[in-house]
Amino acid sequence: DGGITQSPKYLFRKEGQNVTLSCEQNLNHDAMYWYRQDPGQGLRLIYYSQIVNDFQKGDIAEGYSVSREKKESFPLTVTSAQKNPTAFYLCAGCSGRDQETQYFGPGTRLLVL
Amino acid sequence: AQSVTQLDSHVSVSEGTPVLLRCNYSSSYSPSLFWYVQHPNKGLQLLLKYTSAATLVKGINGFEAEFKKSETSFHLTKPSAHMSDAAEYFCVVSDSGGGADGLTFGKGTHLIIQP
């Protein structure tokens with residue numbers, strides 16, 4: 001999985017609740033990304049971060065928030081403002097001279113109760 | 001602007017027969033192109049990458065892809081399918097030379113292997 005770990009594997013959210021998905025990496029990746037995957041739609045970029053304490057919105061950032069306080073960690077919070085959070089969430093990283101090739105974690109499946 | 005089209009949402013082949021997964025792209029620049037594979041409930045694994053060196057790229061697990069600029073295609077092939085190849089395959093294009101927002105993912109092709 002390119003040195004990227006995600007937890008939990010499955011996560012259940014109640015209405016109105018914020019939940020946080022963990023993404024940790026041990027390969028010194030400079031840049032990290034969060035994607036959302038829905039059936040038949042490929043991957044869509046939520047947020048990305050290229051350095052510590054800085055991050056940028058992707059195509060579908062509404063209802064999500066992130067932080068990058070440490071290089072190794074890039075957690076994603078799914079807020080209550082995200083009305084359709086059920087999806088498979090993938091974290092990825094890349095580093096060094098090759099800023100295009102991304103390596104993915106195993107994913108977290110978020111379900112709404 | 002860049003885009004990528006995977007021409008088949010599902011492909012079914014018999015074990016031991018060739019595999020062809022089709023991908024067409026559009027890009028304003030000289031693109032980098034990737035194929036990733038995803039097994040059920042898993043992350044994406046890089047199969048191979050084209051970056052303007054050799055047009056025929058060899059990847060892992062016997063897969064290869066050929067970059068054809070005149071046809072704007074980057075089709076993925078394998079001479080003989082194995083049951084373990086059953087998965088979702090994504091074609092990805094990057095023309096930004098780097099940066100997270102430079103990647104565009106296709107919608108995926110589901111490869112089914114018949115015994």
# chains A, B, ... in the order shown; residues from 1 in each chain; ligands from 1

call {"tool": "select_by_dssp", "arguments": {"residues": "stretch 1-112 of chain B", "states": "strand (DSSP E)", "output": "MDAnalysis selection string"}}
result
chainID B and resid 3:6 10:14 19:21 23:26 32:38 44:50 56:58 64:68 73:78 87:94 103:105 109:112

call {"tool": "interface_residues", "arguments": {"of": "chain A", "to": "chain B", "cutoff": "8 Å", "atoms": "only C-alpha atoms", "output": "list in words"}}
result
Asp1, Ala31, Tyr33, Gly40, Gln41, Gly42, Leu43, Arg44, Leu45, Tyr48, Gly58, Leu90, Asp98, Gln99, Glu100, Tyr103, Phe104, Gly105, Pro106 and Gly107 of chain A

call {"tool": "closest_residue", "arguments": {"among": "B:Gln114, B:Ser70, B:Ser30, B:Thr17", "to": "B:Ala86", "atoms": "only C-alpha atoms"}}
result
B:Gln114

call {"tool": "atom_distance", "arguments": {"atom1": "atom CA of A:Gln102", "atom2": "atom CA of A:His29"}}
result
9.7 Å

call {"tool": "atom_distance", "arguments": {"atom1": "atom CA of A:Gln17", "atom2": "atom CA of A:Lys71"}}
result
27.1 Å

call {"tool": "atom_distance", "arguments": {"atom1": "atom CA of A:Cys23", "atom2": "atom CA of A:Arg36"}}
result
13.7 Å

call {"tool": "residues_around", "arguments": {"residues": "B:Ser3", "least_positions_apart": "3", "cutoff": "7 Å", "atoms": "only C-alpha atoms", "output": "NGL selection string"}}
result
:B and (25-27 or 104)

call {"tool": "write_last_selection", "arguments": {"atoms": "all heavy atoms", "output": "PDB file, in the first residue's frame"}}
result
ATOM      1  N   TYR B  25      -7.454   9.442 -24.215  1.00  0.00           N
ATOM      2  CA  TYR B  25      -7.220  10.623 -23.392  1.00  0.00           C
ATOM      3  C   TYR B  25      -7.212  11.861 -24.268  1.00  0.00           C
ATOM      4  O   TYR B  25      -7.043  11.793 -25.487  1.00  0.00           O
ATOM      5  CB  TYR B  25      -5.882  10.507 -22.649  1.00  0.00           C
ATOM      6  CG  TYR B  25      -4.703  10.635 -23.581  1.00  0.00           C
ATOM      7  CD1 TYR B  25      -4.107  11.863 -23.819  1.00  0.00           C
ATOM      8  CD2 TYR B  25      -4.229   9.512 -24.270  1.00  0.00           C
ATOM      9  CE1 TYR B  25      -3.060  11.983 -24.712  1.00  0.00           C
ATOM     10  CE2 TYR B  25      -3.183   9.627 -25.160  1.00  0.00           C
ATOM     11  CZ  TYR B  25      -2.607  10.866 -25.387  1.00  0.00           C
ATOM     12  OH  TYR B  25      -1.574  10.984 -26.282  1.00  0.00           O
ATOM     13  N   SER B  26      -7.376  12.999 -23.633  1.00  0.00           N
ATOM     14  CA  SER B  26      -7.114  14.277 -24.294  1.00  0.00           C
ATOM     15  C   SER B  26      -6.290  15.120 -23.339  1.00  0.00           C
ATOM     16  O   SER B  26      -6.499  15.082 -22.121  1.00  0.00           O
ATOM     17  CB  SER B  26      -8.416  14.995 -24.664  1.00  0.00           C
ATOM     18  OG  SER B  26      -9.087  15.419 -23.503  1.00  0.00           O
ATOM     19  N   SER B  27      -5.335  15.844 -23.906  1.00  0.00           N
ATOM     20  CA  SER B  27      -4.425  16.627 -23.083  1.00  0.00           C
ATOM     21  C   SER B  27      -3.835  17.762 -23.901  1.00  0.00           C
ATOM     22  O   SER B  27      -3.565  17.598 -25.087  1.00  0.00           O
ATOM     23  CB  SER B  27      -3.302  15.732 -22.548  1.00  0.00           C
ATOM     24  OG  SER B  27      -2.335  16.496 -21.867  1.00  0.00           O
ATOM     25  N   THR B 104      -6.257  13.194 -13.604  1.00  0.00           N
ATOM     26  CA  THR B 104      -7.650  12.941 -13.948  1.00  0.00           C
ATOM     27  C   THR B 104      -7.831  11.437 -14.084  1.00  0.00           C
ATOM     28  O   THR B 104      -7.106  10.782 -14.847  1.00  0.00           O
ATOM     29  CB  THR B 104      -8.031  13.645 -15.263  1.00  0.00           C
ATOM     30  OG1 THR B 104      -7.859  15.052 -15.105  1.00  0.00           O
ATOM     31  CG2 THR B 104      -9.480  13.356 -15.613  1.00  0.00           C
TER      32      THR B 104
END
